[in-house]
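Note sheet for the following structure.
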Amino acid sequence: MALDDDIGILAGVGIFREFTQDQLRLLAFGTERLRRPAGKEIYREGAAADCAFVVVEGTVALFREREGERAIVGRLGPGSVMGELALISSGYRLTGALAETEVELMRLNRSLFQRILVEYPDAAAKLHRRLSADLTGMLERIERLAPKFS
C-alpha cells in the first residue's frame with residue numbers, strides 16, 4: 001500500500017484524528033505492516049507493551065485467560081487501535097489479542113510517536129485533551145454501572 005493510503009487509515013483513528021498531514025506522514029512512514037492468519041496470536045496478556053497496532057483489515061479478538069480458559073472481552077475491526085497507551089508509556093498488555101479472521105495490522109513504534117510529540121507540542125496538547133476526555137467518559141460509565149455491582 002502507498003504512504004498516502006497509510007496516512008488515510010491513521011487519519012481515521014480516534015487518537016490521531018487531530019494530527020496534521022505532516023504529523024500523520026511521519027507516523028505512517030515509521031509503521032510496519034503485518035499480516036496474521038485467523039487463529040494466530042498477536043500478543044499475550046501480560047507481555048511488555050512497546051507498541052500499538054491499528055487494525056487495517058479483519059477482526060481481532062481481545063481476551064483474558066483465567067484458569068486455562070480464554071474469555072473474549074472485546075472484538076476490534078478496521079480503524080480500531082490496540083494498545084494506544086503503549087505509545088505514551090511502558091507497561092504490560094491487559095489482554096491478549098488473537099486474529100479472529102485473517103488480519104492486516106499497522107504496528108506503531110513508541111519512540112517515533114514520542115518524537116512526534118516532542119517535535120510538535122501542539123499535537124501533544126491535543127492528545128492530552130483527547131485522553132483526558134476519554135478517561136473522564138470512562139469514569140462516568142463506571143460510576144453509572146457501580147450500583148449494579150454493590
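Scheme for the C-alpha cells: letters A, B, ... for chains in order shown; per-chain residue numbers from 1; ligand numbers from 1 in order shown.
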
Handout entry: Selection: 9 Å around Val13 in chain A, only C-alpha atoms, excl. self and same-chain fewer than 6 positions, as a ChimeraX atom specification
Key = /A:54,79-81

I want to know what sits within 12 Å of Arg44 in chain A, based on only C-alpha atoms, with residues of the same chain fewer than 6 positions away left out; could you give that as a PDB file with all heavy atoms, in the first residue's frame?
ATOM      1  N   ALA A  61      -9.790 -10.461  18.211  1.00  0.00           N
ATOM      2  CA  ALA A  61     -10.465 -10.744  19.476  1.00  0.00           C
ATOM      3  C   ALA A  61      -9.506 -10.440  20.615  1.00  0.00           C
ATOM      4  O   ALA A  61      -8.357 -10.889  20.609  1.00  0.00           O
ATOM      5  CB  ALA A  61     -10.901 -12.205  19.529  1.00  0.00           C
ATOM      6  N   LEU A  62      -9.982  -9.659  21.586  1.00  0.00           N
ATOM      7  CA  LEU A  62      -9.227  -9.405  22.806  1.00  0.00           C
ATOM      8  C   LEU A  62      -9.733 -10.378  23.856  1.00  0.00           C
ATOM      9  O   LEU A  62     -10.937 -10.593  23.979  1.00  0.00           O
ATOM     10  CB  LEU A  62      -9.442  -7.970  23.273  1.00  0.00           C
ATOM     11  CG  LEU A  62      -9.043  -6.887  22.280  1.00  0.00           C
ATOM     12  CD1 LEU A  62      -9.382  -5.510  22.841  1.00  0.00           C
ATOM     13  CD2 LEU A  62      -7.575  -6.971  21.926  1.00  0.00           C
ATOM     14  N   PHE A  63      -8.815 -10.975  24.606  1.00  0.00           N
ATOM     15  CA  PHE A  63      -9.223 -11.993  25.563  1.00  0.00           C
ATOM     16  C   PHE A  63      -8.425 -11.898  26.851  1.00  0.00           C
ATOM     17  O   PHE A  63      -7.347 -11.325  26.894  1.00  0.00           O
ATOM     18  CB  PHE A  63      -9.082 -13.396  24.961  1.00  0.00           C
ATOM     19  CG  PHE A  63      -7.658 -13.765  24.615  1.00  0.00           C
ATOM     20  CD1 PHE A  63      -6.832 -14.373  25.554  1.00  0.00           C
ATOM     21  CD2 PHE A  63      -7.139 -13.506  23.358  1.00  0.00           C
ATOM     22  CE1 PHE A  63      -5.521 -14.706  25.250  1.00  0.00           C
ATOM     23  CE2 PHE A  63      -5.826 -13.835  23.034  1.00  0.00           C
ATOM     24  CZ  PHE A  63      -5.021 -14.433  23.987  1.00  0.00           C
ATOM     25  N   ARG A  64      -9.002 -12.472  27.903  1.00  0.00           N
ATOM     26  CA  ARG A  64      -8.335 -12.648  29.197  1.00  0.00           C
ATOM     27  C   ARG A  64      -8.295 -14.148  29.448  1.00  0.00           C
ATOM     28  O   ARG A  64      -9.214 -14.870  29.086  1.00  0.00           O
ATOM     29  CB  ARG A  64      -9.125 -11.976  30.325  1.00  0.00           C
ATOM     30  CG  ARG A  64      -9.444 -10.509  30.185  1.00  0.00           C
ATOM     31  CD  ARG A  64      -8.318  -9.534  30.439  1.00  0.00           C
ATOM     32  NE  ARG A  64      -7.506  -9.747  31.593  1.00  0.00           N
ATOM     33  CZ  ARG A  64      -7.600  -9.083  32.739  1.00  0.00           C
ATOM     34  NH1 ARG A  64      -8.527  -8.170  32.906  1.00  0.00           N
ATOM     35  NH2 ARG A  64      -6.762  -9.323  33.727  1.00  0.00           N
ATOM     36  N   GLU A  65      -7.229 -14.601  30.066  1.00  0.00           N
ATOM     37  CA  GLU A  65      -7.108 -16.016  30.414  1.00  0.00           C
ATOM     38  C   GLU A  65      -7.209 -16.186  31.923  1.00  0.00           C
ATOM     39  O   GLU A  65      -6.525 -15.498  32.667  1.00  0.00           O
ATOM     40  CB  GLU A  65      -5.777 -16.586  29.911  1.00  0.00           C
ATOM     41  CG  GLU A  65      -5.775 -16.769  28.413  1.00  0.00           C
ATOM     42  CD  GLU A  65      -4.673 -17.697  27.934  1.00  0.00           C
ATOM     43  OE1 GLU A  65      -4.413 -18.718  28.600  1.00  0.00           O
ATOM     44  OE2 GLU A  65      -4.106 -17.387  26.892  1.00  0.00           O
ATOM     45  N   ARG A  70      -9.968 -19.116  27.994  1.00  0.00           N
ATOM     46  CA  ARG A  70      -9.973 -17.801  27.370  1.00  0.00           C
ATOM     47  C   ARG A  70     -11.383 -17.247  27.326  1.00  0.00           C
ATOM     48  O   ARG A  70     -12.306 -17.925  26.881  1.00  0.00           O
ATOM     49  CB  ARG A  70      -9.451 -17.877  25.941  1.00  0.00           C
ATOM     50  CG  ARG A  70      -7.968 -17.995  25.860  1.00  0.00           C
ATOM     51  CD  ARG A  70      -7.479 -17.868  24.443  1.00  0.00           C
ATOM     52  NE  ARG A  70      -6.027 -17.916  24.431  1.00  0.00           N
ATOM     53  CZ  ARG A  70      -5.297 -17.936  23.361  1.00  0.00           C
ATOM     54  NH1 ARG A  70      -5.873 -17.905  22.167  1.00  0.00           N
ATOM     55  NH2 ARG A  70      -3.990 -17.972  23.434  1.00  0.00           N
ATOM     56  N   TYR A  92       2.277  -3.145  30.542  1.00  0.00           N
ATOM     57  CA  TYR A  92       2.029  -4.525  30.146  1.00  0.00           C
ATOM     58  C   TYR A  92       0.650  -4.639  29.518  1.00  0.00           C
ATOM     59  O   TYR A  92      -0.255  -3.867  29.828  1.00  0.00           O
ATOM     60  CB  TYR A  92       2.146  -5.452  31.367  1.00  0.00           C
ATOM     61  CG  TYR A  92       3.540  -5.434  31.928  1.00  0.00           C
ATOM     62  CD1 TYR A  92       3.890  -4.578  32.952  1.00  0.00           C
ATOM     63  CD2 TYR A  92       4.514  -6.257  31.387  1.00  0.00           C
ATOM     64  CE1 TYR A  92       5.190  -4.525  33.443  1.00  0.00           C
ATOM     65  CE2 TYR A  92       5.815  -6.225  31.867  1.00  0.00           C
ATOM     66  CZ  TYR A  92       6.148  -5.356  32.889  1.00  0.00           C
ATOM     67  OH  TYR A  92       7.441  -5.309  33.352  1.00  0.00           O
ATOM     68  N   ARG A  93       0.500  -5.605  28.641  1.00  0.00           N
ATOM     69  CA  ARG A  93      -0.776  -5.829  27.964  1.00  0.00           C
ATOM     70  C   ARG A  93      -1.803  -6.340  28.972  1.00  0.00           C
ATOM     71  O   ARG A  93      -1.554  -7.313  29.681  1.00  0.00           O
ATOM     72  CB  ARG A  93      -0.630  -6.853  26.833  1.00  0.00           C
ATOM     73  CG  ARG A  93       0.416  -6.509  25.799  1.00  0.00           C
ATOM     74  CD  ARG A  93      -0.043  -5.436  24.882  1.00  0.00           C
ATOM     75  NE  ARG A  93       0.963  -5.189  23.843  1.00  0.00           N
ATOM     76  CZ  ARG A  93       0.964  -4.154  23.060  1.00  0.00           C
ATOM     77  NH1 ARG A  93       0.008  -3.247  23.154  1.00  0.00           N
ATOM     78  NH2 ARG A  93       1.906  -3.987  22.159  1.00  0.00           N
ATOM     79  N   LEU A  94      -2.951  -5.691  29.024  1.00  0.00           N
ATOM     80  CA  LEU A  94      -4.015  -6.089  29.948  1.00  0.00           C
ATOM     81  C   LEU A  94      -4.841  -7.246  29.402  1.00  0.00           C
ATOM     82  O   LEU A  94      -5.531  -7.928  30.161  1.00  0.00           O
ATOM     83  CB  LEU A  94      -4.929  -4.901  30.237  1.00  0.00           C
ATOM     84  CG  LEU A  94      -4.240  -3.707  30.898  1.00  0.00           C
ATOM     85  CD1 LEU A  94      -5.229  -2.563  31.086  1.00  0.00           C
ATOM     86  CD2 LEU A  94      -3.609  -4.109  32.215  1.00  0.00           C
ATOM     87  N   THR A  95      -4.791  -7.445  28.093  1.00  0.00           N
ATOM     88  CA  THR A  95      -5.482  -8.557  27.449  1.00  0.00           C
ATOM     89  C   THR A  95      -4.524  -9.206  26.472  1.00  0.00           C
ATOM     90  O   THR A  95      -3.478  -8.645  26.150  1.00  0.00           O
ATOM     91  CB  THR A  95      -6.715  -8.080  26.646  1.00  0.00           C
ATOM     92  OG1 THR A  95      -6.268  -7.253  25.568  1.00  0.00           O
ATOM     93  CG2 THR A  95      -7.710  -7.338  27.529  1.00  0.00           C
ATOM     94  N   GLY A  96      -4.901 -10.360  25.992  1.00  0.00           N
ATOM     95  CA  GLY A  96      -4.230 -10.953  24.850  1.00  0.00           C
ATOM     96  C   GLY A  96      -5.002 -10.550  23.606  1.00  0.00           C
ATOM     97  O   GLY A  96      -6.147 -10.091  23.698  1.00  0.00           O
ATOM     98  N   ALA A  97      -4.374 -10.692  22.447  1.00  0.00           N
ATOM     99  CA  ALA A  97      -5.045 -10.368  21.185  1.00  0.00           C
ATOM    100  C   ALA A  97      -4.797 -11.495  20.194  1.00  0.00           C
ATOM    101  O   ALA A  97      -3.688 -11.994  20.069  1.00  0.00           O
ATOM    102  CB  ALA A  97      -4.544  -9.042  20.625  1.00  0.00           C
ATOM    103  N   LEU A  98      -5.870 -11.884  19.514  1.00  0.00           N
ATOM    104  CA  LEU A  98      -5.852 -13.017  18.599  1.00  0.00           C
ATOM    105  C   LEU A  98      -6.529 -12.616  17.298  1.00  0.00           C
ATOM    106  O   LEU A  98      -7.578 -11.959  17.319  1.00  0.00           O
ATOM    107  CB  LEU A  98      -6.632 -14.172  19.244  1.00  0.00           C
ATOM    108  CG  LEU A  98      -6.818 -15.450  18.471  1.00  0.00           C
ATOM    109  CD1 LEU A  98      -5.541 -16.267  18.507  1.00  0.00           C
ATOM    110  CD2 LEU A  98      -7.962 -16.248  19.083  1.00  0.00           C
TER     111      LEU A  98
END

Rows by chain and residue number, range 47-104 of chain A within 12 Å of range 34-37 of chain A, shortest pair, only C-alpha atoms, as JSON lines:
{"residue": "A:Phe53", "atom": "CA", "partner": "A:Leu34", "partner_atom": "CA", "distance": 9.5}
{"residue": "A:Val54", "atom": "CA", "partner": "A:Leu34", "partner_atom": "CA", "distance": 10.2}
{"residue": "A:Val55", "atom": "CA", "partner": "A:Leu34", "partner_atom": "CA", "distance": 9.8}
{"residue": "A:Val56", "atom": "CA", "partner": "A:Leu34", "partner_atom": "CA", "distance": 9.6}
{"residue": "A:Glu57", "atom": "CA", "partner": "A:Arg35", "partner_atom": "CA", "distance": 9.2}
{"residue": "A:Gly58", "atom": "CA", "partner": "A:Arg36", "partner_atom": "CA", "distance": 9.6}
{"residue": "A:Thr59", "atom": "CA", "partner": "A:Arg36", "partner_atom": "CA", "distance": 10.6}
{"residue": "A:Val60", "atom": "CA", "partner": "A:Arg36", "partner_atom": "CA", "distance": 10.0}
{"residue": "A:Ala97", "atom": "CA", "partner": "A:Arg36", "partner_atom": "CA", "distance": 11.3}
{"residue": "A:Leu98", "atom": "CA", "partner": "A:Arg36", "partner_atom": "CA", "distance": 9.0}
{"residue": "A:Ala99", "atom": "CA", "partner": "A:Arg36", "partner_atom": "CA", "distance": 6.5}
{"residue": "A:Glu100", "atom": "CA", "partner": "A:Pro37", "partner_atom": "CA", "distance": 8.3}
{"residue": "A:Thr101", "atom": "CA", "partner": "A:Pro37", "partner_atom": "CA", "distance": 6.7}
{"residue": "A:Glu102", "atom": "CA", "partner": "A:Pro37", "partner_atom": "CA", "distance": 4.3}
{"residue": "A:Val103", "atom": "CA", "partner": "A:Arg36", "partner_atom": "CA", "distance": 5.3}
{"residue": "A:Glu104", "atom": "CA", "partner": "A:Arg35", "partner_atom": "CA", "distance": 4.5}

Write the residues of the selection above to a file with C-alpha atoms, as an mmCIF file, in the first residue's frame.
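Once written, selection.cif looks like this:
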data_model
loop_
_atom_site.group_PDB
_atom_site.id
_atom_site.type_symbol
_atom_site.label_atom_id
_atom_site.label_comp_id
_atom_site.auth_asym_id
_atom_site.auth_seq_id
_atom_site.Cartn_x
_atom_site.Cartn_y
_atom_site.Cartn_z
ATOM 1 C CA PHE A 53 -1.472 -1.706 16.480
ATOM 2 C CA VAL A 54 -4.097 -0.361 14.112
ATOM 3 C CA VAL A 55 -6.436 -2.917 12.545
ATOM 4 C CA VAL A 56 -6.453 -2.337 8.767
ATOM 5 C CA GLU A 57 -8.475 -5.406 7.738
ATOM 6 C CA GLY A 58 -10.139 -8.262 9.574
ATOM 7 C CA THR A 59 -11.258 -8.847 13.155
ATOM 8 C CA VAL A 60 -9.152 -9.126 16.299
ATOM 9 C CA ALA A 97 -5.045 -10.368 21.185
ATOM 10 C CA LEU A 98 -5.852 -13.017 18.599
ATOM 11 C CA ALA A 99 -6.563 -12.740 14.884
ATOM 12 C CA GLU A 100 -10.166 -13.940 14.725
ATOM 13 C CA THR A 101 -10.085 -13.683 10.933
ATOM 14 C CA GLU A 102 -7.102 -13.050 8.716
ATOM 15 C CA VAL A 103 -5.947 -9.566 9.720
ATOM 16 C CA GLU A 104 -3.705 -6.852 8.434
#

Exercise for the section: Find the residue from A:Tyr120, A:Ile15, A:Glu45, A:Gln23 that sits nearest to Asp134 in chain A; use only C-alpha atoms when measuring. Expected result: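 Of A:Tyr120, A:Ile15, A:Glu45, A:Gln23, the one nearest Asp134 in chain A, counting only C-alpha atoms, is A:Ile15.
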
Practice task
Taking the chain letters and numbering used in this document, name the residues of range 3-140 of chain A that DSSP puts in strand (DSSP E or B), as a ChimeraX atom specification.
Solution key: /A:32-36,41-43,48-49,51-57,60-66,69-76,81-82,91-92,96-99,103-109

Practice task
Just the residues within 12 Å of Leu112 in chain A, please, counting only C-alpha atoms, with nothing from its chain fewer than 5 positions along; format it as a PyMOL selection string.
Solution key: chain A and resi 23-31+50-52+87-88+107+117-119

Practice task
Return the single residue from A:Arg115, A:Arg141, A:Lys126, A:Lys148 that is closest to Thr20 in chain A, with distances computed using only C-alpha atoms.
Solution key: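 With only C-alpha atoms as the atom set, the closest residue is A:Lys126.
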
Exercise for the section: Figure out the distance between CA of Gly91 in chain A and CA of Gly137 in chain A, please, to one decimal in Å. Expected result: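 The value is 22.2 Å.
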
Practice task
as a PyMOL selection string, list the residues of chain A assigned to helix (DSSP H, G or I) by DSSP on the backbone atoms of this structure.
Solution key: chain A and resi 3-11+14-16+21-29+84-87+110-119+121-149

Could you save the residues just selected, with C-alpha atoms, as a CSV table (one decimal), in the first residue's frame?
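The new file part31.csv reads:
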chain,number,residue,atom,x,y,z
A,3,LEU,CA,2.1,6.0,2.0
A,4,ASP,CA,-1.0,8.1,1.3
A,5,ASP,CA,-3.2,5.1,2.0
A,6,ASP,CA,-1.5,4.6,5.3
A,7,ILE,CA,-2.0,8.3,6.2
A,8,GLY,CA,-5.7,7.9,5.3
A,9,ILE,CA,-6.0,4.9,7.6
A,10,LEU,CA,-4.3,6.7,10.5
A,11,ALA,CA,-6.3,9.9,10.0
A,14,GLY,CA,-9.5,8.5,17.0
A,15,ILE,CA,-6.2,9.1,18.8
A,16,PHE,CA,-4.7,10.6,15.6
A,21,GLN,CA,-1.0,15.7,7.5
A,22,ASP,CA,2.8,16.2,8.2
A,23,GLN,CA,2.4,14.5,11.6
A,24,LEU,CA,0.5,11.6,10.0
A,25,ARG,CA,3.0,11.3,7.3
A,26,LEU,CA,5.9,10.9,9.8
A,27,LEU,CA,3.9,8.4,11.8
A,28,ALA,CA,2.9,6.4,8.7
A,29,PHE,CA,6.4,6.4,7.4
A,84,GLU,CA,-2.6,3.1,22.4
A,85,LEU,CA,-1.3,3.8,25.9
A,86,ALA,CA,1.9,1.8,25.0
A,87,LEU,CA,2.7,4.8,22.7
A,110,ARG,CA,6.6,4.2,20.6
A,111,SER,CA,9.9,6.0,20.1
A,112,LEU,CA,8.7,7.5,16.8
A,113,PHE,CA,5.4,8.5,18.3
A,114,GLN,CA,7.1,10.2,21.3
A,115,ARG,CA,9.5,12.0,18.9
A,116,ILE,CA,6.5,13.4,17.0
A,117,LEU,CA,5.0,14.7,20.3
A,118,VAL,CA,8.3,16.4,21.2
A,119,GLU,CA,8.7,18.0,17.8
A,121,PRO,CA,3.9,20.3,21.1
A,122,ASP,CA,0.5,21.2,19.7
A,123,ALA,CA,-0.1,17.6,18.8
A,124,ALA,CA,0.9,16.6,22.4
A,125,ALA,CA,-1.6,19.1,23.8
A,126,LYS,CA,-4.4,17.9,21.6
A,127,LEU,CA,-3.6,14.3,22.5
A,128,HIS,CA,-3.6,15.2,26.2
A,129,ARG,CA,-7.1,16.8,25.8
A,130,ARG,CA,-8.4,13.7,24.0
A,131,LEU,CA,-7.1,11.2,26.5
A,132,SER,CA,-8.4,13.3,29.4
A,133,ALA,CA,-11.9,13.4,27.8
A,134,ASP,CA,-11.7,9.6,27.1
A,135,LEU,CA,-10.7,9.0,30.7
A,136,THR,CA,-13.5,11.2,32.1
A,137,GLY,CA,-16.1,9.4,29.9
A,138,MET,CA,-14.8,6.0,31.1
A,139,LEU,CA,-15.0,7.1,34.7
A,140,GLU,CA,-18.6,8.4,34.2
A,141,ARG,CA,-19.6,5.0,32.7
A,142,ILE,CA,-18.0,3.2,35.7
A,143,GLU,CA,-19.9,5.4,38.1
A,144,ARG,CA,-23.2,4.6,36.3
A,145,LEU,CA,-22.5,0.8,36.5
A,146,ALA,CA,-21.2,0.8,40.1
A,147,PRO,CA,-24.7,0.4,41.7
A,148,LYS,CA,-25.2,-2.8,39.8
A,149,PHE,CA,-22.1,-4.3,41.4

Problem - Atom pair CA of Ala49 in chain A / CA of Gly83 in chain A: separation (Å) - result: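 Between these atoms lies a distance of 7.3 Å.
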